[in-house]
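Input: a single structure, listed below in structure tokens.
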Amino acid sequence: MTETTDELPIESHGIEVRDVNKDFGDFQALRDVNLIVPDGSMTALLGPSGSGKSTLLRTIAGLEVPTSGQVFIGGEDQARKPVRTRNVGFVFQHYAAFKHMTVFDNIAFGLKVRKKNRSEIEERVNELIDLVQLTGLAKRYPSQLSGGQRQRMALARALAVEPSVLLLDEPFGALDAKVRKDLRTWLRRLHDEVHVTTIFVTHDQEEAMDIAEQIVVMNGGRIEQTGSATDLYDQPANEFVMGFVGEVNSLGGRLVRPHDTEILPVRSPDSVEVEIDRVVRLGFSGRVEMLTVPDKQEVWAQLTRSELETLNLESGSTAYVRPRPDALTRKDTGALDGTFREVSPDIHRPTYAGPELPV
Amino acid sequence: MAVSRPRAGLRLPGAEAAMTKGLVVTYLSLIVLIPLAAIAAKAFSAGPAEFWDTITQPQAIAALKLTAICSLIVVLINAVMGTLIAWVLVRDDFPGKAIVNSVIDLPFALPTIVASLTLLTLYGNDSFLGIHAAYTRFAVIIALLFVTLPFVVRAVQPLLLSLDRDMESAAESLGAGKVRIFTRIILPNLLPGIAAGVALAFARALGEFGALVLISGNVPYKTEVASVFIRGQIESDQVVGAAAVSVVLLVFSMCMLAFVNLIQKWGLRHDR
Amino acid sequence: MTGNGRLSRYGLRFVALSYLSALLLLPIGVALVKTFDQGVGEVITQITKPDAIHALKMSLLTVIIAVPLNTVFGIAAAHVVVRTDFRFKWAINALIDMPFAVSPVVIGLALILVYGTGGWFGADLAAMGIQVIFSTPGIVMAVIFVSLPFVAREVIPVMQEIGTDQETAAETLGAGPWQTFRRITLPAIRWGVTYGIVLTTARALGEFGAVTVVSGNISGETQTLPLYVSQQFETFNSVGAYSASLVLAILALGTLLSMNLLRRREETND
């Protein structure tokens, strides 16, 4: 689904990644990755752990050097330039707060590196502190802030240097659900204000669909599909995208969405026999949980209230399910089964095996 | 039956707790507290004026001064080299690194007299290197460097290991160069370890005896450090003089220990 | 990595390894060569001399007495420091650390002033027929003093780490204090204790300064192995000194090895 178009003038793209491969020893973290991120857009890299999304982000930032390929930022191939000179803002999952510096000094760091004068730094930092709603906390140390506050500080620190692109590596991954949701909305609004080309990594499809204009689904070091939330949901390129973006049932070798799953009281030629396990009424709609007969695969269907009332299902009874006539289906080759396992090679951490100070 | 207990609970109830505490206090008193008190008492047995005269006699002053200056030089070298070695052990990778890492502890394991004899072989007068350092202040410094080597290394290593590498990446993405990343990001986070290691090394250097006894030559006014001076005073039955200089050393060392404790609290202030 | 980065990396590695070689490895290597200057036979002759054997026995005796005492004390002290709270706990904590900071010679002097002939308890002890200074008890006390903190300092952080939940759980299940200690606490701190014991042993074996002051250094009687080394050297029998040093160095190496093995064990257990 990705396109490499040499004809397009590079200047019109915020970021372009061409034919990038990255190996860590025998492990291929990125394979033939091509991606265009339009100027000023917000793009999500979505995928399970180990899919290469963080490596791609770090490669764009310059924290990893690709084994082969090019990374254009602002029309210039920067793949082999150090992160220092790329003018990217990077936000880490665990904040990477400079814990020995105050909020003010954290945000001012990049400006001091650029040798801005004092009054300019002060003005800009105070502006950013207000922007990320940390007003009054300038003299605090990171240890005195909540997780959400620390991440907003990290964001302000990245924005302070007016980066040409903003890269966020699972920025809300370490936060609890409520804070996560608030920050997500807040980030979307911030992006509408600042308009900097933004890429963020997430494994949460809801998060990606909520705030990104373009979603890049990754798996096993490859890009599976690039598109809007609607594209991915309605026209998944393959079974992986279908399974990863939205819920699926496996019915007789076909993947089908729960809302496209039809329940019939009597057998029909293409139906699968199920035993009703549980009927959950959720206000206007309802969910029917079933087990296929005889191999006891979990299957569920999303129905409207009237459909539920018409069918009048009871747990324990037998029914038949099939995809609705107009349903979107993909062939189930079993490729999804192992996908959601945690495979996260911790490449960036050193190990230590030695004695400590014996006092 | 529900029994409510205070959360930070005193684990041993009643009798056992008292017994354990009693045992600990008695042991500490007999071995540490009473003997050290005896030194203070002896030092001031002839009054504060006499104490002052004793510690300000030229040979004592010379010994104390030499001890302080050599210790200072030694811990400064340790601060730099210890941090550097810790850095290489944590961030670098080369064949034999594990062996080098365990060798660091050698000065803790090797008896000081063996260290002294060993250093004398290489840096002594019949050294094959032609270095005639024995009985010089250089020899004193070498011997002190040997025995204090592990302190800074072992204090910095764990800090370096637990340092969040993303901090460095973040600084780099903000445009910082290698030097600035080291001085502004890494060093401030290692400082508590360096300081604690330096203080422990300083305390050790101030009191060192065994490693110096063969190699320093113990020449008064030249290579005689405080501990050797004290031993000389004991052997010539100048017990009050020995006690007086001991008190000076003790005060220094206790300050170092207090400093280490403060550093450890201070070092944790940004952690959570 | 850029060429510049590689250069600085090799540079740092070179500086670190050179420093360690000049300070540790080279002297030890040269001393080893020197030890075997006159052949292995001479070394064996030297270390099997009666005085040398006696000194080794004396050293081992002090270890056998000092290490168990300090181990029991260390565990008890850790218990008091971690699991109890009272006004003068800071003083206990400070006293435990004192031996790290006090010069060995000062330790020796301190013991003389209390337990020597003219000392605070000296006369009373003499009346009971106990001679401490210039005798074995003095040496043992000196060794106990210098090696006192190790077990406590190793066990305290471990005890803090494990917290009180397991102990409380054992108590709610009806275990008494001794049972709780033996079945819950001790297994949890065992690696800390073992590591502490190794360090205590190393220090006790090697102690020179404090022992030299309290022992009287009478060869064949109150002489430990480190004292023997120094005496041999001062009487110009350098082969004797080197040979005895070799024995001490081998013991130290054993200590170092067990320190490393224990660390690794502890890490894999975590």
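Identifiers in the structure tokens: chain A, B, ... in order shown; residue index from 1 per chain; ligand index from 1 in order shown.
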Practice task
Within 9 Å of chain A, which residues of chain B are there when counting only C-alpha atoms? Please give them as a PyMOL selection string.
Solution key: chain B and resi 89-91+98+101-102+105+108+150-155+157-158+161+164-177+180+185+188-189+269-272
Exercise for the section: Could you give me, as a PyMOL selection string, the residues within 7 Å of region 116-126 of chain B, counting only C-alpha atoms and dropping anything in the same chain fewer than 4 positions from it? Expected result: (chain B and resi 112+131-134+143+211-212+214-215) or (chain C and resi 27-28+30-31)
Preceding selection exported with all heavy atoms as a tab-separated table (two decimals), in the first residue's frame:
```tsv
chain	number	residue	atom	x	y	z
B	112	THR	N	47.37	-6.04	53.13
B	112	THR	CA	48.09	-4.80	52.83
B	112	THR	C	49.60	-5.01	52.83
B	112	THR	O	50.31	-4.37	52.05
B	112	THR	CB	47.72	-3.70	53.83
B	112	THR	OG1	47.87	-4.23	55.14
B	112	THR	CG2	46.30	-3.23	53.62
B	131	ILE	N	63.06	2.20	38.38
B	131	ILE	CA	62.39	3.25	39.14
B	131	ILE	C	62.84	3.14	40.60
B	131	ILE	O	62.64	2.10	41.22
B	131	ILE	CB	60.86	3.09	39.07
B	131	ILE	CG1	60.39	2.97	37.64
B	131	ILE	CG2	60.17	4.24	39.79
B	131	ILE	CD1	58.96	2.56	37.50
B	132	HIS	N	63.43	4.16	41.10
B	132	HIS	CA	63.85	4.09	42.50
B	132	HIS	C	62.93	4.95	43.34
B	132	HIS	O	63.27	6.05	43.76
B	132	HIS	CB	65.30	4.52	42.65
B	132	HIS	CG	66.21	3.67	41.80
B	132	HIS	ND1	66.21	2.30	41.89
B	132	HIS	CD2	67.11	4.00	40.85
B	132	HIS	CE1	67.08	1.82	41.03
B	132	HIS	NE2	67.63	2.83	40.37
B	133	ALA	N	61.74	4.44	43.53
B	133	ALA	CA	60.74	5.24	44.21
B	133	ALA	C	60.62	4.92	45.69
B	133	ALA	O	59.96	5.63	46.42
B	133	ALA	CB	59.38	5.06	43.53
B	134	ALA	N	61.24	3.83	46.12
B	134	ALA	CA	61.08	3.44	47.51
B	134	ALA	C	61.57	4.55	48.43
B	134	ALA	O	62.52	5.26	48.11
B	134	ALA	CB	61.85	2.16	47.80
B	143	ALA	N	51.28	3.53	46.92
B	143	ALA	CA	50.71	2.55	47.85
B	143	ALA	C	49.27	2.91	48.19
B	143	ALA	O	48.38	2.05	48.24
B	143	ALA	CB	51.56	2.47	49.11
B	211	ALA	N	50.10	-1.05	53.98
B	211	ALA	CA	50.61	-0.93	52.61
B	211	ALA	C	51.81	0.01	52.54
B	211	ALA	O	52.58	-0.03	51.59
B	211	ALA	CB	49.50	-0.42	51.69
B	212	LEU	N	51.96	0.86	53.55
B	212	LEU	CA	53.02	1.86	53.52
B	212	LEU	C	54.29	1.41	54.22
B	212	LEU	O	55.38	1.89	53.94
B	212	LEU	CB	52.53	3.15	54.20
B	212	LEU	CG	51.38	3.86	53.51
B	212	LEU	CD1	50.86	4.97	54.41
B	212	LEU	CD2	51.86	4.42	52.19
B	214	LEU	N	56.43	-0.99	54.42
B	214	LEU	CA	57.68	-1.42	53.80
B	214	LEU	C	58.20	-0.44	52.77
B	214	LEU	O	59.39	-0.26	52.59
B	214	LEU	CB	57.49	-2.79	53.13
B	214	LEU	CG	57.10	-3.95	54.02
B	214	LEU	CD1	57.06	-5.24	53.21
B	214	LEU	CD2	58.07	-4.11	55.19
B	215	ILE	N	57.26	0.21	52.07
B	215	ILE	CA	57.66	0.95	50.88
B	215	ILE	C	57.98	2.42	51.16
B	215	ILE	O	58.73	3.07	50.43
B	215	ILE	CB	56.59	0.82	49.77
B	215	ILE	CG1	57.17	1.19	48.40
B	215	ILE	CG2	55.37	1.64	50.09
B	215	ILE	CD1	56.24	0.90	47.26
C	27	PRO	N	52.94	-5.03	39.15
C	27	PRO	CA	53.62	-5.33	40.41
C	27	PRO	C	53.41	-6.77	40.86
C	27	PRO	O	54.35	-7.43	41.30
C	27	PRO	CB	52.96	-4.36	41.41
C	27	PRO	CG	52.40	-3.28	40.58
C	27	PRO	CD	52.02	-3.89	39.28
C	28	ILE	N	52.19	-7.26	40.70
C	28	ILE	CA	51.92	-8.62	41.16
C	28	ILE	C	52.69	-9.65	40.32
C	28	ILE	O	53.28	-10.60	40.83
C	28	ILE	CB	50.40	-8.90	41.14
C	28	ILE	CG1	49.76	-8.08	42.26
C	28	ILE	CG2	50.11	-10.38	41.33
C	28	ILE	CD1	48.26	-8.02	42.21
C	30	VAL	N	55.51	-9.14	38.67
C	30	VAL	CA	56.93	-9.04	38.99
C	30	VAL	C	57.22	-9.72	40.32
C	30	VAL	O	58.20	-10.45	40.47
C	30	VAL	CB	57.37	-7.56	39.00
C	30	VAL	CG1	58.81	-7.45	39.50
C	30	VAL	CG2	57.25	-6.96	37.62
C	31	ALA	N	56.33	-9.51	41.29
C	31	ALA	CA	56.52	-10.12	42.60
C	31	ALA	C	56.48	-11.63	42.50
C	31	ALA	O	57.24	-12.34	43.17
C	31	ALA	CB	55.45	-9.62	43.57
```
Problem - Residues near Phe172 (chain A), cut-off 9 Å, only C-alpha atoms, skip fewer than 6 positions along chain, as a list in words - result: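 So, after excluding close chain neighbours, the residues are Gln93, His94, Gly148, Gln151, Val179, Arg180, Lys181, Leu183, Arg184 and Thr202 of chain A.
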Problem - Selected residue of minimal separation from chain C among A:Leu35, A:Leu313, A:Val266, A:Val65, counting only C-alpha atoms - result: A:Val65
Practice task
Looking only at alpha helix (DSSP H) from DSSP on the backbone, list the matching residues of region 158-233 of chain C as a PyMOL selection string.
Solution key: chain C and resi 158-162+165-172+177-180+186-206+209-215+225-233
Exercise for the section: Give the answer as one residue: which of C:Val15, C:Ala152, C:Leu60, C:Ile189 has the shortest atom-to-atom distance to chain A, using only C-alpha atoms? Expected result: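 Selected residue with least distance to chain A: C:Ala152.
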Exercise for the section: Compare C:Met159, C:Ile64, C:Ile144, C:Ala202 by their minimum atom-to-atom distance to chain A, counting only C-alpha atoms, and give me the closest one. Expected result: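 Of C:Met159, C:Ile64, C:Ile144, C:Ala202, the one nearest chain A is C:Ala202, counting only C-alpha atoms.
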Handout entry: chain A contacts on chain C, only C-alpha atoms, 9 Å, as a ChimeraX atom specification
Key = /C:97,100,149-150,153-154,195-196,199,259-260,262-264,267
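Ranking B:Ala49, B:Ala63, B:Ala86, B:Leu262 by their shortest atom-to-atom distance to chain C, with only C-alpha atoms included, puts B:Ala86 first.
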